[in-house]
Amino acid sequence: MKKYFYPAIFSKEGNSYSVKFLDFENIFTFGDSFDDAYYMAQDALYAMLPEYKDKLPAPTFDYMKIKVKPNEFISMVLLDPIEHEKKISSKSVNTTVTMPEWLKNLADTKGINFSKSLKDSIKKELNLF
């Protein structure tokens, strides 16, 4: 799964900001400062992930054509499903691996950690390093 950048309209209201997304009709949030509003915008995107699963809408990329009010601006908000999954689910699970007996015996004599080797290989294969 890749990273997504969704445009959001930030509206300054006094000292706080309200946020709405161009690509999601029902996601709204706010913050007491821009940093807080941006954090809350990311949090709102992550909160809706279970609802959308693999049906995320394509981000709007021609957002520069959208006219906003004088107290508004558009900022891209990062949605990284893999990083989010890492944060919420670090639980280890058991899995069975089949290999030639001679290979297992040789690895055992060398003290190779099968779990670490498999995990590292899968991360490398998925370009997660």
# chains A, B, ... in the order shown; residues from 1 in each chain; ligands from 1
call {"tool": "residues_around", "arguments": {"residues": "Ala8 of chain A", "least_positions_apart": "6", "cutoff": "6 Å", "atoms": "only C-alpha atoms", "output": "short mmCIF file (atom, residue, chain, number, x, y, z; two decimals) with all heavy atoms, in the first residue's frame"}}
result
data_model
loop_
_atom_site.label_atom_id
_atom_site.label_comp_id
_atom_site.auth_asym_id
_atom_site.auth_seq_id
_atom_site.Cartn_x
_atom_site.Cartn_y
_atom_site.Cartn_z
N LYS A 20 -11.73 20.61 6.30
CA LYS A 20 -12.60 19.69 5.54
C LYS A 20 -11.80 19.19 4.35
O LYS A 20 -10.95 19.90 3.80
CB LYS A 20 -13.90 20.36 5.13
CG LYS A 20 -13.75 21.52 4.17
CD LYS A 20 -15.09 22.13 3.83
CE LYS A 20 -14.91 23.36 2.96
NZ LYS A 20 -16.17 24.01 2.63
N PHE A 21 -12.08 17.96 3.97
CA PHE A 21 -11.35 17.32 2.88
C PHE A 21 -12.13 17.42 1.58
O PHE A 21 -13.36 17.32 1.56
CB PHE A 21 -11.07 15.86 3.21
CG PHE A 21 -10.00 15.69 4.24
CD1 PHE A 21 -10.32 15.64 5.59
CD2 PHE A 21 -8.67 15.60 3.86
CE1 PHE A 21 -9.33 15.51 6.55
CE2 PHE A 21 -7.68 15.47 4.81
CZ PHE A 21 -8.01 15.42 6.16
N LEU A 22 -11.40 17.59 0.48
CA LEU A 22 -12.03 17.66 -0.83
C LEU A 22 -12.53 16.29 -1.29
O LEU A 22 -13.53 16.21 -2.00
CB LEU A 22 -11.03 18.19 -1.87
CG LEU A 22 -10.45 19.58 -1.61
CD1 LEU A 22 -9.41 19.93 -2.66
CD2 LEU A 22 -11.55 20.62 -1.57
N ILE A 74 -5.44 25.71 1.15
CA ILE A 74 -5.43 24.26 0.95
C ILE A 74 -4.05 23.72 1.29
O ILE A 74 -3.04 24.28 0.87
CB ILE A 74 -5.81 23.89 -0.50
CG1 ILE A 74 -7.25 24.33 -0.79
CG2 ILE A 74 -5.64 22.40 -0.74
CD1 ILE A 74 -7.70 24.12 -2.21
N SER A 75 -4.03 22.66 2.06
CA SER A 75 -2.79 21.98 2.42
C SER A 75 -2.97 20.49 2.18
O SER A 75 -4.07 19.95 2.38
CB SER A 75 -2.45 22.24 3.89
OG SER A 75 -1.23 21.59 4.23
#
call {"tool": "residues_around", "arguments": {"residues": "Ser11 of chain A", "least_positions_apart": "2", "cutoff": "6 Å", "atoms": "only C-alpha atoms", "output": "list in words"}}
result
Tyr17, Ser18, Asn71 and Glu72 of chain A
call {"tool": "residues_around", "arguments": {"residues": "segment 94-108 of chain A", "least_positions_apart": "3", "cutoff": "12 Å", "atoms": "only C-alpha atoms", "output": "list of chain:residue names"}}
result
A:Lys91, A:Gly111, A:Ile112, A:Asn113, A:Phe114, A:Ser115, A:Ser117, A:Leu118, A:Lys119
call {"tool": "write_last_selection", "arguments": {"atoms": "N, CA and C atoms", "output": "CSV table (one decimal), in the first residue's frame"}}
result
chain,number,residue,atom,x,y,z
A,91,LYS,N,1.8,-6.4,17.2
A,91,LYS,CA,1.6,-7.8,17.7
A,91,LYS,C,2.4,-8.8,16.8
A,111,GLY,N,23.2,-21.0,14.5
A,111,GLY,CA,22.5,-20.2,15.4
A,111,GLY,C,21.6,-19.1,14.7
A,112,ILE,N,21.2,-19.4,13.6
A,112,ILE,CA,20.4,-18.4,12.8
A,112,ILE,C,19.0,-18.3,13.5
A,113,ASN,N,18.5,-17.0,13.7
A,113,ASN,CA,17.2,-16.8,14.2
A,113,ASN,C,16.2,-16.7,13.0
A,114,PHE,N,15.4,-17.8,13.0
A,114,PHE,CA,14.5,-17.9,11.8
A,114,PHE,C,13.5,-16.8,11.7
A,115,SER,N,12.9,-16.4,12.9
A,115,SER,CA,11.9,-15.3,12.9
A,115,SER,C,12.5,-14.0,12.4
A,117,SER,N,15.3,-13.6,10.5
A,117,SER,CA,15.7,-13.7,9.1
A,117,SER,C,14.5,-13.6,8.2
A,118,LEU,N,13.4,-14.3,8.6
A,118,LEU,CA,12.2,-14.2,7.7
A,118,LEU,C,11.6,-12.8,7.7
A,119,LYS,N,11.5,-12.2,8.9
A,119,LYS,CA,11.0,-10.8,9.0
A,119,LYS,C,11.8,-9.8,8.2
call {"tool": "select_by_dssp", "arguments": {"residues": "segment 54-87 of chain A", "states": "helix (DSSP H, G or I)", "output": "PDB file with C-alpha atoms, in the first residue's frame"}}
result
ATOM      1  CA  TYR A  63      -6.669  21.445  -6.236  1.00  0.00           C
ATOM      2  CA  MET A  64      -4.877  24.648  -7.260  1.00  0.00           C
ATOM      3  CA  LYS A  65      -7.890  25.469  -9.451  1.00  0.00           C
ATOM      4  CA  PRO A  81      -1.637   3.306   5.916  1.00  0.00           C
ATOM      5  CA  ILE A  82       1.469   1.157   6.437  1.00  0.00           C
ATOM      6  CA  GLU A  83       2.987   3.488   9.060  1.00  0.00           C
ATOM      7  CA  HIS A  84      -0.379   3.708  10.751  1.00  0.00           C
ATOM      8  CA  GLU A  85      -0.685  -0.080  10.854  1.00  0.00           C
ATOM      9  CA  LYS A  86       2.793  -0.314  12.367  1.00  0.00           C
ATOM     10  CA  LYS A  87       1.779   2.066  15.150  1.00  0.00           C
TER      11      LYS A  87
END
call {"tool": "closest_residue", "arguments": {"among": "A:Met40, A:Pro50, A:Pro7, A:Ser92", "to": "Asp23 of chain A", "atoms": "only C-alpha atoms"}}
result
A:Pro7
call {"tool": "closest_residue", "arguments": {"among": "A:Lys2, A:Leu56, A:Phe10, A:Phe73", "to": "Leu126 of chain A", "atoms": "only C-alpha atoms"}}
result
A:Lys2
call {"tool": "closest_residue", "arguments": {"among": "A:Leu128, A:Lys110, A:Gly31, A:Val19", "to": "Tyr6 of chain A", "atoms": "only C-alpha atoms"}}
result
A:Val19
